[in-house]
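File shown here: coords.txt, holding compact mmCIF, C-alpha atoms and all ligand atoms.
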```txt
# COMPACT_ATOMS: atom_id res chain seq x y z
CA MET A 1 -37.08 -12.18 2.53
CA ALA A 2 -35.05 -9.17 1.34
CA PHE A 3 -31.30 -9.83 1.65
CA GLY A 4 -32.02 -13.41 2.76
CA TRP A 5 -28.88 -14.62 0.96
CA ILE A 6 -26.78 -12.59 3.44
CA ASP A 7 -27.70 -15.03 6.23
CA GLU A 8 -26.68 -18.00 4.08
CA GLN A 9 -23.29 -16.41 3.44
CA ALA A 10 -22.90 -15.58 7.15
CA ASP A 11 -23.68 -19.22 8.07
CA ALA A 12 -21.10 -20.48 5.60
CA ARG A 13 -18.48 -18.12 7.06
CA ARG A 14 -19.29 -19.25 10.59
CA ARG A 15 -19.02 -22.92 9.61
CA ALA A 16 -15.62 -22.24 8.03
CA GLY A 17 -14.43 -20.29 11.11
CA LEU A 18 -13.72 -17.24 8.91
CA VAL A 19 -15.96 -14.56 10.43
CA ARG A 20 -14.35 -11.10 10.49
CA THR A 21 -14.97 -8.88 13.50
CA LEU A 22 -13.97 -5.36 14.45
CA ARG A 23 -11.96 -4.88 17.59
CA PRO A 24 -11.39 -1.32 18.85
CA ARG A 25 -7.70 -0.68 19.50
CA PRO A 26 -7.13 1.03 22.86
CA ALA A 27 -5.06 4.21 22.65
CA ASP A 28 -2.58 2.71 25.11
CA SER A 29 -2.54 -0.86 23.76
CA PRO A 30 -0.09 -3.03 25.69
CA LEU A 31 0.43 -5.29 22.65
CA LEU A 32 3.70 -5.37 20.75
CA ASP A 33 2.58 -4.14 17.32
CA LEU A 34 3.66 -6.09 14.25
CA ALA A 35 0.25 -5.72 12.63
CA SER A 36 -0.08 -2.05 11.70
CA ASN A 37 1.29 -0.41 8.56
CA ASP A 38 3.12 2.24 10.57
CA TYR A 39 6.43 1.12 9.01
CA LEU A 40 8.55 3.94 10.38
CA GLY A 41 6.73 4.39 13.69
CA LEU A 42 5.75 7.94 12.68
CA ALA A 43 1.98 7.80 13.34
CA ARG A 44 2.55 8.88 16.95
CA HIS A 45 5.62 11.03 16.43
CA PRO A 46 4.97 14.35 18.23
CA GLU A 47 5.86 16.36 15.11
CA VAL A 48 3.28 14.38 13.13
CA THR A 49 0.47 14.50 15.70
CA GLY A 50 1.28 18.15 16.46
CA ALA A 51 1.02 19.03 12.77
CA ALA A 52 -2.32 17.20 12.55
CA ALA A 53 -3.69 19.16 15.52
CA ALA A 54 -2.39 22.49 14.21
CA ALA A 55 -3.89 21.82 10.77
CA ALA A 56 -7.29 20.96 12.26
CA ARG A 57 -7.24 24.15 14.33
CA ALA A 58 -6.27 26.30 11.36
CA TRP A 59 -8.40 24.71 8.63
CA GLY A 60 -11.15 22.74 10.40
CA GLY A 61 -12.00 19.14 11.16
CA GLY A 62 -12.73 18.41 7.50
CA SER A 63 -11.72 19.94 4.19
CA THR A 64 -15.32 21.19 3.64
CA GLY A 65 -15.60 20.31 -0.05
CA SER A 66 -14.21 18.62 -3.10
CA ARG A 67 -10.68 19.58 -4.12
CA LEU A 68 -11.99 21.65 -7.05
CA VAL A 69 -14.35 23.71 -4.84
CA THR A 70 -13.27 24.43 -1.25
CA GLY A 71 -11.29 21.28 -0.38
CA THR A 72 -7.80 22.45 -1.38
CA THR A 73 -5.77 24.17 1.35
CA GLU A 74 -2.17 25.37 1.25
CA LEU A 75 -1.28 22.14 3.03
CA HIS A 76 -2.59 20.08 0.10
CA THR A 77 -0.56 22.01 -2.46
CA GLU A 78 2.58 22.00 -0.29
CA LEU A 79 2.22 18.26 0.25
CA GLU A 80 1.86 17.73 -3.49
CA ARG A 81 4.93 19.80 -4.28
CA GLU A 82 7.10 18.15 -1.62
CA LEU A 83 5.93 14.60 -2.37
CA ALA A 84 6.68 15.03 -6.08
CA GLU A 85 10.09 16.51 -5.34
CA PHE A 86 10.97 13.84 -2.75
CA CYS A 87 10.14 10.95 -5.06
CA GLY A 88 11.60 12.62 -8.16
CA PHE A 89 8.45 13.28 -10.18
CA GLU A 90 7.25 16.39 -11.96
CA ALA A 91 3.91 16.60 -10.16
CA ALA A 92 1.66 14.93 -7.59
CA LEU A 93 -2.03 14.93 -6.77
CA VAL A 94 -3.36 14.11 -3.31
CA PHE A 95 -6.49 12.00 -2.81
CA SER A 96 -8.59 11.07 0.24
CA SER A 97 -7.10 7.55 0.23
CA GLY A 98 -4.64 5.34 -1.60
CA TYR A 99 -7.66 3.35 -2.75
CA ALA A 100 -9.13 6.44 -4.41
CA ALA A 101 -5.73 7.28 -5.94
CA ASN A 102 -5.53 3.81 -7.52
CA LEU A 103 -9.09 3.97 -8.86
CA ALA A 104 -8.24 7.37 -10.36
CA ALA A 105 -4.95 6.37 -11.95
CA VAL A 106 -6.25 3.20 -13.59
CA THR A 107 -9.63 4.49 -14.77
CA ALA A 108 -8.35 7.83 -16.08
CA LEU A 109 -5.38 6.28 -17.88
CA ALA A 110 -7.26 3.34 -19.44
CA PRO A 111 -10.19 4.68 -21.49
CA HIS A 112 -12.11 2.64 -24.04
CA GLY A 113 -9.80 0.80 -26.45
CA THR A 114 -6.91 0.53 -23.94
CA LEU A 115 -5.49 -2.83 -22.90
CA VAL A 116 -4.82 -2.98 -19.16
CA VAL A 117 -2.35 -5.71 -18.23
CA SER A 118 -2.69 -6.46 -14.52
CA ASP A 119 -0.37 -8.57 -12.32
CA ALA A 120 -2.22 -11.43 -10.61
CA GLY A 121 -0.90 -10.36 -7.19
CA ASN A 122 -2.23 -6.81 -7.36
CA HIS A 123 -3.99 -5.12 -4.46
CA ALA A 124 -7.80 -5.01 -4.45
CA SER A 125 -7.81 -1.27 -5.21
CA LEU A 126 -5.90 -1.80 -8.48
CA ILE A 127 -8.19 -4.71 -9.34
CA ASP A 128 -11.21 -2.50 -8.74
CA GLY A 129 -9.60 0.21 -10.87
CA CYS A 130 -9.35 -2.34 -13.70
CA ARG A 131 -12.99 -3.33 -13.19
CA LEU A 132 -14.13 0.31 -13.37
CA ALA A 133 -11.91 1.26 -16.33
CA ARG A 134 -13.49 1.37 -19.79
CA GLY A 135 -10.49 -0.42 -21.27
CA SER A 136 -10.25 -4.21 -21.26
CA THR A 137 -8.16 -6.03 -18.65
CA GLN A 138 -5.92 -9.04 -19.03
CA VAL A 139 -4.60 -10.55 -15.80
CA VAL A 140 -1.10 -12.04 -16.16
CA PRO A 141 0.77 -14.46 -13.85
CA HIS A 142 2.50 -12.83 -10.90
CA ALA A 143 5.81 -10.99 -11.45
CA ASP A 144 6.23 -12.38 -14.96
CA PRO A 145 7.67 -9.87 -17.51
CA GLU A 146 7.51 -12.47 -20.30
CA ALA A 147 3.76 -12.90 -19.74
CA VAL A 148 3.40 -9.11 -19.87
CA ARG A 149 5.32 -9.03 -23.17
CA LYS A 150 3.01 -11.67 -24.65
CA ALA A 151 -0.13 -9.87 -23.45
CA LEU A 152 1.05 -6.55 -24.90
CA ALA A 153 1.88 -8.24 -28.22
CA THR A 154 -1.78 -9.24 -28.70
CA HIS A 155 -3.00 -5.64 -28.78
CA GLU A 156 -2.84 -2.74 -31.21
CA GLY A 157 -3.43 0.66 -29.63
CA PRO A 158 -2.84 2.15 -26.20
CA ALA A 159 -1.83 -0.16 -23.38
CA VAL A 160 -0.85 0.13 -19.74
CA LEU A 161 0.72 -2.29 -17.25
CA VAL A 162 -0.60 -2.05 -13.71
CA SER A 163 1.33 -3.54 -10.78
CA ASP A 164 2.11 -3.19 -7.10
CA THR A 165 5.79 -2.42 -6.46
CA VAL A 166 5.77 -4.48 -3.26
CA PHE A 167 2.97 -7.03 -3.03
CA SER A 168 0.95 -6.72 0.14
CA VAL A 169 0.45 -10.43 0.82
CA ASP A 170 3.99 -11.85 0.55
CA GLY A 171 6.03 -8.64 0.69
CA ASP A 172 7.90 -9.55 -2.51
CA ALA A 173 8.90 -6.86 -5.01
CA ALA A 174 7.83 -6.62 -8.66
CA PRO A 175 10.59 -6.81 -11.31
CA LEU A 176 10.11 -3.11 -12.04
CA GLY A 177 13.10 -2.66 -14.36
CA GLU A 178 11.98 -5.56 -16.56
CA PHE A 179 8.36 -4.40 -16.45
CA ALA A 180 9.43 -0.95 -17.65
CA ALA A 181 11.58 -2.46 -20.41
CA VAL A 182 8.75 -4.60 -21.85
CA CYS A 183 6.37 -1.62 -21.64
CA ARG A 184 8.84 0.54 -23.55
CA GLU A 185 9.23 -2.08 -26.30
CA ARG A 186 5.51 -1.62 -27.02
CA GLY A 187 5.07 2.05 -26.10
CA ALA A 188 2.86 1.08 -23.15
CA GLY A 189 2.48 3.09 -19.95
CA LEU A 190 3.41 1.75 -16.52
CA VAL A 191 1.27 2.45 -13.43
CA VAL A 192 2.72 1.15 -10.16
CA ASP A 193 1.31 1.21 -6.66
CA ASP A 194 4.13 2.02 -4.23
CA ALA A 195 2.01 1.80 -1.06
CA HIS A 196 4.57 -0.48 0.60
CA GLY A 197 7.65 1.05 -1.05
CA LEU A 198 7.40 4.73 -0.14
CA GLY A 199 9.44 5.42 2.98
CA VAL A 200 11.09 2.00 2.84
CA LEU A 201 12.70 1.47 -0.60
CA GLY A 202 15.10 3.70 -2.51
CA PRO A 203 17.56 6.21 -1.09
CA GLY A 204 16.09 7.64 2.13
CA GLY A 205 12.75 5.96 1.38
CA ARG A 206 12.17 7.75 -1.95
CA GLY A 207 10.32 4.73 -3.23
CA ALA A 208 10.57 1.78 -5.60
CA ALA A 209 10.46 3.83 -8.81
CA ARG A 210 13.46 5.85 -7.68
CA ALA A 211 15.25 2.65 -6.67
CA ALA A 212 14.65 1.21 -10.16
CA GLY A 213 15.79 4.38 -11.95
CA LEU A 214 12.26 5.13 -13.16
CA ALA A 215 11.46 8.28 -11.18
CA GLY A 216 10.40 11.18 -13.37
CA ALA A 217 10.03 9.07 -16.54
CA ALA A 218 7.40 10.30 -19.00
CA ASP A 219 5.79 6.86 -19.23
CA VAL A 220 5.68 6.00 -15.50
CA VAL A 221 2.97 6.88 -12.99
CA VAL A 222 3.25 6.00 -9.29
CA THR A 223 0.49 5.84 -6.71
CA VAL A 224 1.17 5.95 -2.97
CA THR A 225 -0.73 5.89 0.28
CA LEU A 226 -0.08 8.36 3.08
CA SER A 227 -1.37 5.80 5.58
CA LYS A 228 1.62 3.50 5.93
CA SER A 229 5.17 4.86 6.28
CA LEU A 230 3.90 8.45 6.52
CA GLY A 231 1.71 7.56 9.51
CA SER A 232 -1.26 9.60 8.28
CA GLN A 233 -4.14 8.93 5.93
CA GLY A 234 -4.79 9.64 2.25
CA GLY A 235 -3.15 8.83 -1.06
CA ALA A 236 -1.45 10.43 -4.04
CA VAL A 237 -0.63 9.94 -7.71
CA LEU A 238 2.84 11.04 -8.89
CA GLY A 239 3.89 11.46 -12.49
CA PRO A 240 4.35 13.85 -15.39
CA ALA A 241 2.49 17.19 -14.99
CA ARG A 242 0.31 16.42 -18.03
CA VAL A 243 -0.90 13.21 -16.36
CA VAL A 244 -1.70 15.04 -13.12
CA ASP A 245 -3.56 17.77 -15.06
CA HIS A 246 -5.51 15.03 -16.83
CA LEU A 247 -6.49 13.46 -13.48
CA VAL A 248 -7.68 16.83 -12.14
CA ASN A 249 -10.01 17.03 -15.13
CA ALA A 250 -11.02 13.40 -15.60
CA ALA A 251 -10.60 11.27 -12.48
CA ARG A 252 -13.94 10.74 -10.82
CA THR A 253 -12.50 9.84 -7.39
CA PHE A 254 -10.73 13.20 -7.46
CA ILE A 255 -13.57 15.35 -8.78
CA PHE A 256 -16.49 13.89 -6.83
CA ASP A 257 -14.79 13.11 -3.51
CA THR A 258 -14.33 15.47 -0.56
CA GLY A 259 -10.70 16.58 -0.28
CA LEU A 260 -8.36 14.96 2.23
CA ALA A 261 -8.88 16.27 5.80
CA PRO A 262 -6.40 19.07 6.61
CA ALA A 263 -5.20 17.16 9.69
CA ALA A 264 -4.22 14.22 7.48
CA ALA A 265 -2.48 16.49 4.94
CA GLY A 266 -0.60 18.26 7.74
CA ALA A 267 0.44 14.99 9.37
CA ALA A 268 1.68 13.53 6.07
CA LEU A 269 3.64 16.69 5.31
CA ALA A 270 5.29 16.62 8.75
CA ALA A 271 6.16 12.93 8.31
CA LEU A 272 7.62 13.56 4.87
CA ARG A 273 9.81 16.35 6.24
CA LEU A 274 10.94 14.08 9.08
CA LEU A 275 11.82 11.37 6.60
CA ARG A 276 13.87 13.82 4.56
CA ARG A 277 15.68 14.99 7.68
CA GLU A 278 16.27 11.45 8.98
CA PRO A 279 16.92 9.30 5.89
CA GLY A 280 18.23 6.40 7.97
CA ARG A 281 14.66 5.48 8.98
CA ALA A 282 14.04 3.71 5.65
CA ALA A 283 17.16 1.56 5.85
CA ARG A 284 16.36 0.66 9.46
CA ALA A 285 12.94 -0.74 8.43
CA ARG A 286 14.66 -2.90 5.81
CA GLU A 287 17.20 -4.09 8.39
CA VAL A 288 14.43 -5.03 10.83
CA ALA A 289 12.71 -6.99 8.04
CA ALA A 290 15.91 -8.88 7.25
CA GLU A 291 16.50 -9.64 10.93
CA LEU A 292 12.93 -10.81 11.46
CA HIS A 293 13.17 -13.07 8.44
CA ALA A 294 16.51 -14.54 9.55
CA ARG A 295 15.27 -15.25 13.07
CA LEU A 296 11.97 -16.74 11.90
CA THR A 297 13.80 -19.00 9.46
CA ALA A 298 16.28 -20.03 12.16
CA ALA A 299 13.29 -20.95 14.35
CA GLY A 300 12.09 -23.33 11.61
CA LEU A 301 9.23 -21.12 10.39
CA GLU A 302 8.47 -20.73 6.70
CA ALA A 303 8.89 -17.00 6.00
CA VAL A 304 9.15 -15.30 2.60
CA ARG A 305 12.38 -13.33 2.14
CA PRO A 306 11.20 -9.71 2.38
CA ASP A 307 11.99 -7.10 -0.30
CA ALA A 308 10.61 -4.26 1.85
CA ALA A 309 9.06 -4.15 5.35
CA VAL A 310 6.37 -6.83 5.01
CA VAL A 311 7.28 -10.29 6.31
CA SER A 312 4.92 -13.11 5.45
CA VAL A 313 4.87 -16.41 7.41
CA ARG A 314 3.09 -19.45 5.99
CA ALA A 315 0.28 -20.95 8.08
CA PRO A 316 -0.93 -24.55 7.71
CA SER A 317 -4.60 -23.69 7.06
CA PRO A 318 -7.04 -20.75 7.16
CA GLU A 319 -8.36 -21.85 10.58
CA GLY A 320 -4.77 -22.43 11.75
CA ALA A 321 -3.82 -18.89 10.70
CA VAL A 322 -6.79 -17.37 12.54
CA ARG A 323 -6.00 -19.38 15.69
CA TRP A 324 -2.27 -18.59 15.43
CA ALA A 325 -2.94 -14.83 15.26
CA ALA A 326 -5.36 -15.09 18.22
CA ASP A 327 -2.79 -17.04 20.28
CA CYS A 328 -0.13 -14.42 19.48
CA ARG A 329 -2.53 -11.71 20.66
CA ALA A 330 -3.20 -13.61 23.89
CA ALA A 331 0.58 -13.70 24.40
CA GLY A 332 0.86 -9.91 23.89
CA LEU A 333 1.76 -9.72 20.19
CA ALA A 334 -0.42 -8.18 17.45
CA VAL A 335 0.15 -9.72 14.00
CA GLY A 336 -1.82 -9.56 10.77
CA CYS A 337 -3.61 -12.62 9.43
CA PHE A 338 -4.28 -13.14 5.71
CA ARG A 339 -6.58 -15.95 4.70
CA PRO A 340 -9.17 -16.66 2.00
CA PRO A 341 -10.94 -14.80 0.48
CA SER A 342 -8.37 -12.00 0.98
CA VAL A 343 -5.62 -14.11 -0.59
CA PRO A 344 -6.17 -15.20 -4.19
CA ASP A 345 -3.98 -18.31 -3.95
CA GLY A 346 -5.78 -19.79 -0.94
CA VAL A 347 -2.55 -19.90 1.09
CA SER A 348 -3.01 -18.43 4.58
CA ARG A 349 -0.29 -16.43 6.29
CA LEU A 350 0.61 -14.35 9.27
CA ARG A 351 1.67 -10.93 8.06
CA LEU A 352 4.26 -9.08 10.10
CA THR A 353 5.25 -5.45 9.84
CA ALA A 354 8.97 -4.85 10.26
CA ARG A 355 8.60 -1.46 11.93
CA GLY A 356 11.84 0.48 11.81
CA ASP A 357 11.46 1.49 15.45
CA LEU A 358 11.42 -2.09 16.81
CA SER A 359 14.32 -2.89 19.14
CA GLY A 360 16.39 -6.08 18.98
CA ASP A 361 14.64 -7.30 22.15
CA GLN A 362 11.21 -6.70 20.62
CA ILE A 363 12.15 -8.60 17.45
CA GLU A 364 13.41 -11.49 19.57
CA ARG A 365 10.23 -11.51 21.67
CA ALA A 366 8.01 -11.44 18.58
CA VAL A 367 9.81 -14.41 17.02
CA ARG A 368 9.67 -16.34 20.31
CA VAL A 369 5.89 -15.80 20.64
CA ILE A 370 5.26 -16.75 17.01
CA GLY A 371 7.35 -19.92 17.43
CA GLU A 372 5.69 -20.91 20.72
CA THR A 373 2.13 -20.41 19.42
CA ARG A 374 2.75 -22.19 16.10
CA PRO A 375 -0.30 -24.39 15.35
N1 LIG B 401 -2.43 -0.33 -2.30
C1 LIG B 401 -1.88 -1.24 -1.47
C2 LIG B 401 -0.84 -2.16 -2.01
C3 LIG B 401 -2.30 -1.35 -0.14
O1 LIG B 401 -1.78 -2.26 0.67
C4 LIG B 401 -3.30 -0.43 0.32
C5 LIG B 401 -3.77 -0.42 1.76
N2 LIG B 401 -4.05 -1.57 2.35
C6 LIG B 401 -3.85 0.47 -0.58
C7 LIG B 401 -3.38 0.51 -1.86
C8 LIG B 401 -4.95 1.39 -0.17
O2 LIG B 401 -4.46 2.52 0.45
P1 LIG B 401 -5.37 3.30 1.50
O3 LIG B 401 -5.42 2.46 2.71
O4 LIG B 401 -4.66 4.60 1.68
O5 LIG B 401 -6.71 3.46 0.88
```

For the structure just supplied, provide its representation as structure tokens.
Ligand code: PMP
Amino acid sequence: MAFGWIDEQADARRRAGLVRTLRPRPADSPLLDLASNDYLGLARHPEVTGAAAAAARAWGGGSTGSRLVTGTTELHTELERELAEFCGFEAALVFSSGYAANLAAVTALAPHGTLVVSDAGNHASLIDGCRLARGSTQVVPHADPEAVRKALATHEGPAVLVSDTVFSVDGDAAPLGEFAAVCRERGAGLVVDDAHGLGVLGPGGRGAARAAGLAGAADVVVTVTLSKSLGSQGGAVLGPARVVDHLVNAARTFIFDTGLAPAAAGAALAALRLLRREPGRAARAREVAAELHARLTAAGLEAVRPDAAVVSVRAPSPEGAVRWAADCRAAGLAVGCFRPPSVPDGVSRLRLTARGDLSGDQIERAVRVIGETRP
């Protein structure tokens, strides 16, 4: 039978208790949310939703075409200018998602003959970028500059190191300064995904590259998503103008994809302006993360010390993690649950978002529920 193997895989998932299901989120969910990526609580800010509505009214429900045809509005170009300026880069290019931005950056900057060194903890979108790139990829152990140095030493010719700035599973940060130093020893480029750093790290949330003193460098390219701290949807690549011009001409996920919806561009632009006006939001998210970690640890739970706004709590088993998250939900708390095959190391976790708008009472309640439902 056609696709018969699908049923075998589905059976295996059911036996392992690892079936994924979609659950619509009600607009007025009563759950305390530590599961979303809305790090700064901006997704529902009236300035952000108002800008989305105004953009849709002015420009339409969709962008109507690829960026190079009809899909570029004034909002897209303003967003690109202000994003680049905010993060300290010469230029930026907006994509329909962070995933598309990562595919673009890696494929367009690693043509045939290029060595791509990729951190073992990288997000799936960077991994897929490596798979699609014409260059050859070498995966190196997680957050290990010495392993990067060794990998780069094996290769003559162009090379690029690809890494998350903040890793999505454990919320730990990459050693960006050391990564940049080993790249510079060999004349290699550095491409970093700051999905979890923008809006949280650096002065006023200007991102991990800025925090590491790498913003605006000729050999550094940063990708971001607009879907986390900016409370919208979409992605962007930031870097030297010549790199952005190259992507406009060579990146397939830019050229052949419909431009970002105007509502999403408008929402991201409004969120960015809010963040600039209220720089304390970034520091507050980091404070909430530190407080969550301290309280979880005090409650005897095994939590990874967070470098940004992701707090990861170890679970005893994949089934235990799934049950733990379900029990939290039944007690009024939404948390993320990472388990195989989403985690490469096979270690299951609850994943908590330290939203900057959580109150002390909410943090306390979240920790109490997690402790009481512990498997
Ligand atoms: N990179 C990282 C590290 C992510 O966590 C995500 C989103 N889960 C992405 C890229 C993809 O971004 P988007 O959701 O905008 O496609």

Is it possible to get the axis-aligned box enclosing ligand LIG 401 (chain B) (all listed atoms, 6 Å extra per side) as AutoDock Vina command-line options, with centre and edge lengths in Å rounded to one decimal?
```
--center_x -3.8 --center_y 1.2 --center_z 0.2 --size_x 17.9 --size_y 18.9 --size_z 17.0
```

Determine, using all atoms listed in the file, which residues of chain A have any atom at most 6 Å from an atom of ligand LIG 401 (chain B), and tabulate each with its shortest atom pair and distance in Å to one decimal place, rows ordered by chain and then rising number, as JSON lines.
```
{"residue": "A:Ser97", "atom": "CA", "partner": "B:LIG401", "partner_atom": "O4", "distance": 4.1}
{"residue": "A:Gly98", "atom": "CA", "partner": "B:LIG401", "partner_atom": "O4", "distance": 3.4}
{"residue": "A:Tyr99", "atom": "CA", "partner": "B:LIG401", "partner_atom": "O5", "distance": 3.8}
{"residue": "A:His123", "atom": "CA", "partner": "B:LIG401", "partner_atom": "C2", "distance": 5.0}
{"residue": "A:Ser125", "atom": "CA", "partner": "B:LIG401", "partner_atom": "C7", "distance": 5.8}
{"residue": "A:Asp164", "atom": "CA", "partner": "B:LIG401", "partner_atom": "C2", "distance": 6.0}
{"residue": "A:Ser168", "atom": "CA", "partner": "B:LIG401", "partner_atom": "O1", "distance": 5.3}
{"residue": "A:Asp193", "atom": "CA", "partner": "B:LIG401", "partner_atom": "N1", "distance": 5.9}
{"residue": "A:Ala195", "atom": "CA", "partner": "B:LIG401", "partner_atom": "C1", "distance": 5.0}
{"residue": "A:Thr225", "atom": "CA", "partner": "B:LIG401", "partner_atom": "O4", "distance": 4.4}
{"residue": "A:Ser227", "atom": "CA", "partner": "B:LIG401", "partner_atom": "O4", "distance": 5.2}
{"residue": "A:Gly234", "atom": "CA", "partner": "B:LIG401", "partner_atom": "O4", "distance": 5.1}
{"residue": "A:Gly235", "atom": "CA", "partner": "B:LIG401", "partner_atom": "O4", "distance": 5.3}
```

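Distance annotation: of A:Ala58, A:Ala108, A:Ala241, A:Val48, the residue with the minimal separation from A:Ala84 is A:Ala241; atom set is all atoms listed in the file.
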
Selection near A:Leu132, 10 Å with all atoms listed in the file, sequence-local residues under 6 positions removed, as a PyMOL selection string: chain A and resi 103-104+106-108+110+126

Serialized selection, C-alpha atoms, as a compact mmCIF listing (two decimals), in the frame of the given file:
```txt
# COMPACT_ATOMS: atom_id res chain seq x y z
CA LEU A 103 -9.09 3.97 -8.86
CA ALA A 104 -8.24 7.37 -10.36
CA VAL A 106 -6.25 3.20 -13.59
CA THR A 107 -9.63 4.49 -14.77
CA ALA A 108 -8.35 7.83 -16.08
CA ALA A 110 -7.26 3.34 -19.44
CA LEU A 126 -5.90 -1.80 -8.48
```

Residues of stretch 116-228 of chain A at most 7 Å from stretch 280-299 of chain A: nearest atom pair and distance in Å, all atoms listed in the file, as a tab-separated table:
```
residue	atom	partner	partner_atom	distance
A:Gly199	CA	A:Ala282	CA	5.6
A:Val200	CA	A:Ala282	CA	4.4
A:Leu201	CA	A:Ala282	CA	6.8
A:Gly204	CA	A:Ala282	CA	5.7
A:Gly205	CA	A:Ala282	CA	5.0
```

Surrounding residues of A:Arg349 excluding itself and chain neighbours under 5 positions, 6 Å, all atoms listed in the file, as a ChimeraX atom specification: /A:313-315,337-338

Stretch 178-189 of chain A surroundings by all atoms listed in the file, 7 Å radius, close-in-sequence under 5 positions cut, as number ranges by chain: A: 145, 149, 152, 158-161, 219-220

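Counting all atoms listed in the file, the residue from A:Ala251, A:Leu34, A:Leu272, A:Ala173 that sits nearest to A:Glu80 is A:Leu272.
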